[in-house]
Structure formats: C-alpha cells, structure tokens
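Colleague: Supplied structure: data34.cif, mmCIF, C-alpha atoms and all ligand atoms.
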```cif
data_data
loop_
_atom_site.label_atom_id
_atom_site.label_comp_id
_atom_site.auth_asym_id
_atom_site.auth_seq_id
_atom_site.Cartn_x
_atom_site.Cartn_y
_atom_site.Cartn_z
CA MET H 1 -36.17 187.63 212.39
CA GLY H 2 -39.60 188.68 213.63
CA GLY H 3 -40.83 187.99 210.11
CA ARG H 4 -40.53 184.24 210.39
CA ARG H 5 -42.30 184.17 213.73
CA GLU H 6 -45.21 186.15 212.31
CA GLU H 7 -45.31 183.98 209.22
CA LEU H 8 -45.47 180.79 211.31
CA ALA H 9 -48.07 182.32 213.64
CA GLY H 10 -50.26 183.22 210.65
CA ASN H 11 -49.88 179.78 209.09
CA LEU H 12 -50.64 178.10 212.40
CA ASP H 13 -53.74 180.22 212.84
CA GLY H 14 -54.96 179.30 209.34
CA LEU H 15 -54.24 175.65 209.97
CA ARG H 16 -56.09 175.59 213.28
CA ARG H 17 -59.08 177.17 211.50
CA ARG H 18 -58.96 174.48 208.80
CA ILE H 19 -58.85 171.75 211.44
CA ALA H 20 -61.70 173.35 213.39
CA ALA H 21 -63.81 173.71 210.22
CA ALA H 22 -63.15 170.08 209.24
CA CYS H 23 -64.10 168.94 212.73
CA GLY H 24 -67.24 171.09 212.61
CA ALA H 25 -68.26 169.58 209.30
CA ALA H 26 -67.69 166.08 210.68
CA GLY H 27 -69.43 166.77 213.98
CA ARG H 28 -66.19 166.15 215.85
CA ASP H 29 -64.49 167.96 218.73
CA PRO H 30 -61.21 169.64 217.58
CA GLY H 31 -59.71 168.43 220.86
CA GLU H 32 -59.77 164.91 219.38
CA VAL H 33 -57.30 165.87 216.67
CA THR H 34 -53.60 166.25 217.44
CA LEU H 35 -51.67 168.50 215.06
CA ILE H 36 -48.16 167.25 214.39
CA ALA H 37 -45.91 169.86 212.75
CA ILE H 38 -43.68 168.05 210.27
CA THR H 39 -40.49 170.09 210.42
CA LYS H 40 -38.27 168.12 208.02
CA THR H 41 -35.83 170.32 206.07
CA TYR H 42 -36.58 173.27 208.39
CA PRO H 43 -34.14 174.40 211.09
CA ALA H 44 -34.32 173.93 214.85
CA SER H 45 -34.98 177.67 215.13
CA ASP H 46 -38.36 177.10 213.42
CA VAL H 47 -39.14 174.24 215.80
CA LYS H 48 -38.42 176.51 218.76
CA LEU H 49 -40.67 179.23 217.34
CA LEU H 50 -43.47 176.68 216.86
CA ALA H 51 -43.03 175.54 220.46
CA GLU H 52 -43.33 179.16 221.62
CA LEU H 53 -46.50 179.47 219.54
CA GLY H 54 -48.02 176.53 221.39
CA VAL H 55 -47.26 173.59 219.10
CA ALA H 56 -46.64 170.56 221.31
CA ASP H 57 -46.03 167.83 218.72
CA VAL H 58 -43.38 167.81 216.01
CA GLY H 59 -42.47 165.13 213.49
CA GLU H 60 -39.48 164.23 211.36
CA ASN H 61 -38.85 161.55 208.75
CA ARG H 62 -35.06 161.06 208.76
CA ASP H 63 -33.07 160.11 211.82
CA GLN H 64 -29.89 161.84 210.66
CA GLU H 65 -31.76 165.14 210.52
CA ALA H 66 -34.07 164.57 213.48
CA ALA H 67 -31.51 163.51 216.10
CA PRO H 68 -29.46 166.73 216.10
CA LYS H 69 -32.60 168.86 215.74
CA ALA H 70 -34.23 167.24 218.75
CA ALA H 71 -31.00 167.73 220.71
CA ALA H 72 -30.91 171.41 219.72
CA CYS H 73 -34.47 171.80 221.01
CA ALA H 74 -33.90 170.01 224.31
CA GLY H 75 -35.76 171.86 227.01
CA ALA H 76 -38.64 172.90 224.77
CA PRO H 77 -41.87 171.18 225.85
CA LEU H 78 -42.22 169.03 222.73
CA ARG H 79 -43.24 165.50 221.88
CA TRP H 80 -41.24 164.12 218.94
CA HIS H 81 -42.86 161.84 216.37
CA PHE H 82 -40.91 159.79 213.87
CA VAL H 83 -42.91 159.42 210.65
CA GLY H 84 -40.47 158.13 208.01
CA ARG H 85 -39.13 154.85 206.77
CA LEU H 86 -36.89 153.45 209.44
CA GLN H 87 -33.97 151.05 209.20
CA SER H 88 -33.74 148.74 212.20
CA ASN H 89 -30.18 149.88 212.94
CA LYS H 90 -31.54 153.40 213.58
CA ALA H 91 -34.08 152.21 216.18
CA ARG H 92 -31.79 152.96 219.09
CA SER H 93 -31.13 156.50 217.96
CA VAL H 94 -34.82 157.22 217.29
CA VAL H 95 -35.86 155.87 220.68
CA GLY H 96 -33.43 158.39 222.20
CA TYR H 97 -35.70 161.34 221.30
CA ALA H 98 -39.00 160.11 219.83
CA ASP H 99 -42.04 159.35 221.95
CA VAL H 100 -44.09 158.09 219.04
CA VAL H 101 -43.13 156.14 215.91
CA HIS H 102 -45.74 156.23 213.11
CA SER H 103 -43.99 153.98 210.62
CA VAL H 104 -43.77 150.45 211.98
CA ASP H 105 -44.17 148.39 208.81
CA ARG H 106 -42.55 145.02 209.58
CA PRO H 107 -42.02 142.65 212.52
CA SER H 108 -38.23 143.07 212.48
CA LEU H 109 -38.58 146.82 213.04
CA ALA H 110 -41.04 146.23 215.89
CA ALA H 111 -38.48 143.91 217.47
CA ALA H 112 -35.65 146.42 217.07
CA LEU H 113 -37.72 149.24 218.57
CA SER H 114 -38.77 146.97 221.43
CA THR H 115 -35.16 146.10 222.25
CA ALA H 116 -34.10 149.75 222.07
CA ALA H 117 -37.05 150.98 224.17
CA THR H 118 -36.50 148.31 226.81
CA ARG H 119 -32.79 149.18 227.08
CA ALA H 120 -33.63 152.86 227.39
CA GLU H 121 -36.38 152.05 229.93
CA ARG H 122 -38.87 153.93 227.80
CA GLU H 123 -42.32 153.21 226.43
CA ILE H 124 -42.80 154.18 222.80
CA ARG H 125 -46.22 154.60 221.23
CA ALA H 126 -46.16 152.78 217.91
CA PHE H 127 -48.45 153.09 214.91
CA VAL H 128 -48.58 150.33 212.33
CA GLN H 129 -48.21 151.98 208.92
CA VAL H 130 -50.53 150.61 206.25
CA ASN H 131 -49.79 150.81 202.54
CA LEU H 132 -53.13 151.84 201.03
CA ASP H 133 -51.92 151.41 197.47
CA THR H 134 -50.15 148.15 196.87
CA SER H 135 -49.25 149.24 193.35
CA GLU H 136 -46.77 151.53 195.08
CA ALA H 137 -44.94 148.81 196.97
CA GLY H 138 -41.92 151.07 197.47
CA ARG H 139 -43.77 153.71 199.47
CA GLY H 140 -43.66 152.06 202.85
CA GLY H 141 -46.29 150.48 205.01
CA ALA H 142 -47.48 146.95 205.57
CA ALA H 143 -49.95 145.39 203.16
CA PRO H 144 -53.46 145.50 204.68
CA GLU H 145 -53.54 141.70 205.03
CA ASP H 146 -50.35 141.81 207.10
CA VAL H 147 -51.66 144.41 209.55
CA PRO H 148 -53.33 142.08 212.10
CA ALA H 149 -50.21 139.97 212.72
CA LEU H 150 -47.97 143.02 212.83
CA ALA H 151 -50.32 144.75 215.27
CA ASP H 152 -50.27 141.67 217.50
CA ALA H 153 -46.46 141.73 217.43
CA VAL H 154 -46.35 145.40 218.41
CA ALA H 155 -48.97 144.96 221.13
CA GLY H 156 -47.01 142.06 222.61
CA ALA H 157 -43.60 143.76 222.48
CA ASP H 158 -42.03 145.08 225.69
CA GLY H 159 -41.43 148.80 225.59
CA LEU H 160 -44.01 149.43 222.85
CA ARG H 161 -47.64 150.45 223.14
CA LEU H 162 -49.80 149.93 220.07
CA ALA H 163 -51.36 153.33 219.25
CA GLY H 164 -53.29 152.52 216.07
CA LEU H 165 -52.83 152.82 212.33
CA MET H 166 -51.02 155.34 210.12
CA ALA H 167 -51.23 155.87 206.37
CA VAL H 168 -50.30 158.27 203.62
CA ALA H 169 -52.90 158.71 200.88
CA PRO H 170 -51.80 157.19 197.56
CA LEU H 171 -49.92 159.50 195.18
CA VAL H 172 -52.79 159.37 192.69
CA SER H 173 -55.05 161.09 195.22
CA ALA H 174 -53.08 164.37 195.04
CA GLY H 175 -55.62 167.00 193.99
CA ARG H 176 -58.38 164.35 194.03
CA PRO H 177 -60.31 164.72 197.30
CA ASP H 178 -62.61 161.85 196.30
CA LEU H 179 -59.67 159.44 196.03
CA ALA H 180 -58.16 160.67 199.29
CA ALA H 181 -61.55 160.20 200.98
CA ALA H 182 -61.81 156.65 199.62
CA ALA H 183 -58.31 155.81 200.87
CA PHE H 184 -59.04 157.17 204.35
CA ALA H 185 -62.37 155.31 204.46
CA ARG H 186 -60.44 152.11 203.86
CA LEU H 187 -58.07 153.06 206.67
CA ALA H 188 -61.03 153.69 209.00
CA GLU H 189 -62.36 150.23 208.15
CA LEU H 190 -59.00 148.64 208.98
CA SER H 191 -58.91 150.63 212.21
CA ALA H 192 -62.37 149.36 213.22
CA ARG H 193 -61.19 145.81 212.60
CA LEU H 194 -58.01 146.42 214.60
CA ARG H 195 -60.01 147.72 217.57
CA GLU H 196 -61.96 144.46 217.77
CA ARG H 197 -58.72 142.84 218.96
CA HIS H 198 -57.00 145.89 220.44
CA PRO H 199 -59.67 148.25 221.80
CA ASP H 200 -57.12 150.78 223.06
CA ALA H 201 -55.36 151.11 219.70
CA ALA H 202 -57.87 153.70 218.51
CA ALA H 203 -55.58 156.36 217.06
CA ILE H 204 -55.56 157.08 213.32
CA SER H 205 -52.62 159.05 211.91
CA ALA H 206 -53.72 160.37 208.53
CA GLY H 207 -53.98 163.63 206.66
CA MET H 208 -51.32 166.06 205.46
CA SER H 209 -51.39 169.60 204.09
CA GLY H 210 -53.42 168.64 201.01
CA ASP H 211 -55.92 166.19 202.46
CA LEU H 212 -56.44 166.83 206.15
CA GLU H 213 -60.15 167.62 205.65
CA GLN H 214 -60.78 164.19 204.12
CA ALA H 215 -58.73 162.51 206.86
CA ILE H 216 -60.61 164.27 209.67
CA ALA H 217 -63.94 163.37 208.03
CA ALA H 218 -62.80 159.73 208.13
CA GLY H 219 -61.85 159.88 211.81
CA ALA H 220 -58.18 160.86 211.90
CA THR H 221 -56.91 161.60 215.41
CA HIS H 222 -53.45 162.80 214.30
CA VAL H 223 -52.76 164.99 211.27
CA ARG H 224 -49.17 165.44 210.04
CA VAL H 225 -48.73 168.85 208.43
CA GLY H 226 -45.56 170.28 206.92
CA THR H 227 -46.02 172.56 203.91
CA ALA H 228 -49.17 174.36 205.09
CA LEU H 229 -47.38 175.36 208.28
CA LEU H 230 -43.74 175.87 207.35
CA GLY H 231 -43.89 176.53 203.60
CA ILE H 232 -42.87 174.70 200.46
CA ARG H 233 -39.82 172.56 201.20
CA PRO H 234 -36.62 173.08 199.24
CA PRO H 235 -35.84 169.95 197.21
CA LEU H 236 -33.75 167.34 199.05
CA ARG H 237 -30.09 167.32 198.06
C1 LIG H 301 -43.52 165.18 204.84
C2 LIG H 301 -44.54 164.32 205.45
C3 LIG H 301 -45.77 164.85 205.88
C4 LIG H 301 -46.17 166.31 205.68
O1 LIG H 301 -46.50 166.53 204.36
P1 LIG H 301 -47.04 167.96 203.84
O2 LIG H 301 -47.69 167.64 202.55
O3 LIG H 301 -45.85 168.84 203.71
O4 LIG H 301 -48.00 168.47 204.85
C5 LIG H 301 -46.66 163.99 206.49
N1 LIG H 301 -46.38 162.68 206.67
C6 LIG H 301 -45.22 162.14 206.29
C7 LIG H 301 -44.98 160.70 206.52
C8 LIG H 301 -44.26 162.94 205.67
O5 LIG H 301 -43.11 162.39 205.27
#
```
Using the file provided, produce a representation of the structure as structure tokens.

Modeller:
Amino acid sequence: MGGRREELAGNLDGLRRRIAAACGAAGRDPGEVTLIAITKTYPASDVKLLAELGVADVGENRDQEAAPKAAACAGAPLRWHFVGRLQSNKARSVVGYADVVHSVDRPSLAAALSTAATRAEREIRAFVQVNLDTSEAGRGGAAPEDVPALADAVAGADGLRLAGLMAVAPLVSAGRPDLAAAAFARLAELSARLRERHPDAAAISAGMSGDLEQAIAAGATHVRVGTALLGIRPPLR
C-alpha cells in the first residue's frame, strides 16, 4: 500500500506549505502553529503512516472510535487530542489516551475530567470551547459570556491545565473567508480577555481544512485539519 503513504506525504507537504504561507503573510513563525491531524473515520494504519511522516499530534472526536485507535497506535510517538463533544461519563476513557481536550464546554465536564485525571495521576491540557454562533446552540461550546467562569473552573481544577480557547467557525462561514475571519477575530478578542486573568492560557485552537489561513491570521496556535490531509471522509453510518 505504498500508494497511501505517498498520498499522505503529498497532502502533508501541501498542508505544511499552506501553513508556512499563512504564517508568512501574518508575519508569524510557523513554529508557533501546531498541526493536529484529525483522523476521525480513518484507520489506525493511516495514523501510523502519519507518525512515520513526522506528524506528532493527532485528534479524534468520538471516544468509541478514538480509544481503540489510540490503543492500536501505542508505541508511536504521538500526542492525542480530543476535539469532539464529550459526555461526562466518557471522561475517564478519554483521559486514558488523550493529553489534550479541546472541547470543555461546561463546568460539569471540567469536574469529570478533573476527577478522571487526578485518579489517573495525569495532567490534561484543557481548552475551553467557545460557541461563536449562538444561533447554532446545538453545535457545542460555551456561550462567550460563560467563558470567564468556565475558564476559572478549569484553571482551578486538579489534574487540568487551562490551555486557552477553541472554536469552530460558524457553518455560515463555509466558503466565506470574510465571515471566518470575523469569527476568528472575535475568538482572538476573547483570548486576549482570558489572558488578562490567565496569562499562561495563550493557546488558540482554530482553523480547519477550509479556513486555516484566516485562523492563522487571527493568531491560531493549533490548527485541526482532517480533509486536506486524509481526504474527504465517508459519511458517518
Ligand atoms: C472534523 C473536525 C475537524 C477537521 O475538519 P476538516 O474540515 O476535515 O479539516 C476539526 N475540528 C473538529 C472539532 C472536527 O470535528
């Protein structure tokens, strides 16, 4: 299956060029931007190929898929990121393989992750996820006005370290770079406000295959890329 390896290598090369160009345009150092390969729906064999190609960070959005995949890749030098909506009763499982959780959207989840991390004697980096479009209440993320209290809860929780803020651009911004840029500017503003109280929580997780340029221009430190690296996902069954 040399074909898949070459395909991934080519995609990775193109992606690194995009990130470098976006950083160049923004006057930023590409070393400030962590690429997270979002491997959902793709097999552990792809994750292993990515690791061999030098990808160090991978992300998943469903525990039932991520847990066995992470186990199958044990031994590969990878940091696992959890980026999806998370039920509190899955916190223990996620803490078993993830180093970073990008989707803390409510105090009860912060508490569950804290308990799980403490029991496992681990420290988890936690992003507070912000909902940038409150007309899409079902999409996940805390309302902007709830971010300060939630961030305080995460920062004060044993076993958790507050990393910063995460967001997904609103659905309406698909194919509209101006709307994506506006959403990420709002996120940057919220991040600046967060850093007044939590100076170390400077990370910004934003930008996907379609809008990573806008995210990097707005200061993203972590981009989460699936399609542009692995290909169009088959529909979920
Ligand atoms: C799937 C997913 C991504 C990657 O999206 P692409 O458009 O495939 O790059 C990023 N972030 C989250 C939270 C996701 O669920």

Colleague: Show me which residues line ligand LIG 301 (chain H), defined as having an atom within 7 Å of a ligand atom where all atoms listed in the file count, and present them as a list in words.

Modeller: Ile38, Lys40, Asn61, Val83, Gly84, Val168, Met208, Ser209, Gly210, Arg224, Val225, Gly226, Thr227 and Ala228 of chain H

Colleague: Quick one: everything within 12 Å of H:Pro68, counting only C-alpha atoms, minus sequence neighbours fewer than 4 positions away in the same chain. Send it as JSON, numbers by chain.

Modeller: {"H": [43, 44, 60, 62, 63, 64, 72, 73, 74, 93, 94, 96, 97]}

Colleague: Between H:Leu162, H:Leu194, H:Ala21, H:Leu113, single out the one closest to H:Arg92, counting only C-alpha atoms.

Modeller: H:Leu113

Colleague: Could you work out how far atom CA of H:Leu8 lies from atom CA of H:Glu52, giving the answer in Å with one decimal?

Modeller: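 If I compute the distance from atom CA of H:Glu52 to atom CA of H:Leu8, I get 10.7 Å.
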
Colleague: Around (-51.5, 151.2, 212.2) in the file's frame, which residues reach within 10 Å when counting all atoms listed in the file? Return as a ChimeraX atom specification?

Modeller: /H:102-105,126-131,141-142,144,147-148,150-151,154,162-167,187,190-191,194,201-205

Colleague: Mind listing whatever residues come within 6 Å of the point (-51.9, 166.9, 213.6)? Use only C-alpha atoms, file coordinates, and give them as a ChimeraX atom specification.

Modeller: /H:34-36,222-224

Colleague: Skipping near chain neighbours, those fewer than 4 positions away, what residues fall within 6 Å of stretch 212-214 of chain H using all atoms listed in the file, listed as a list in words?

Modeller: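 The residues that qualify are Ala22, Ala181, Gly207 and Met208 of chain H.
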
Colleague: With distances taken over all atoms listed in the file, which of H:Ile216, H:Leu230, H:Ala174, H:Leu160 is nearest to H:Arg18?

Modeller: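 Of H:Ile216, H:Leu230, H:Ala174, H:Leu160, the one nearest H:Arg18 is H:Ile216, counting all atoms listed in the file.
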
Colleague: Please identify all polymer residues within 7 Å of H:Ala98, counting all atoms listed in the file, omitting same-chain residues fewer than 4 positions from it, and present them as a PyMOL selection string.

Modeller: chain H and resi 80-82+94

Colleague: Which residues come within 10 Å of H:Thr115, counting only C-alpha atoms, excluding same-chain residues fewer than 2 positions away, as a ChimeraX atom specification?

Modeller: /H:91-92,95,109-113,117-121,157-160

Colleague: Hey, which of H:Asn11, H:Ala56, H:Ala183, H:Arg106 ends up closest to H:Ala143? Count only C-alpha atoms.

Modeller: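 So, comparing all the options, the nearest one is H:Arg106.
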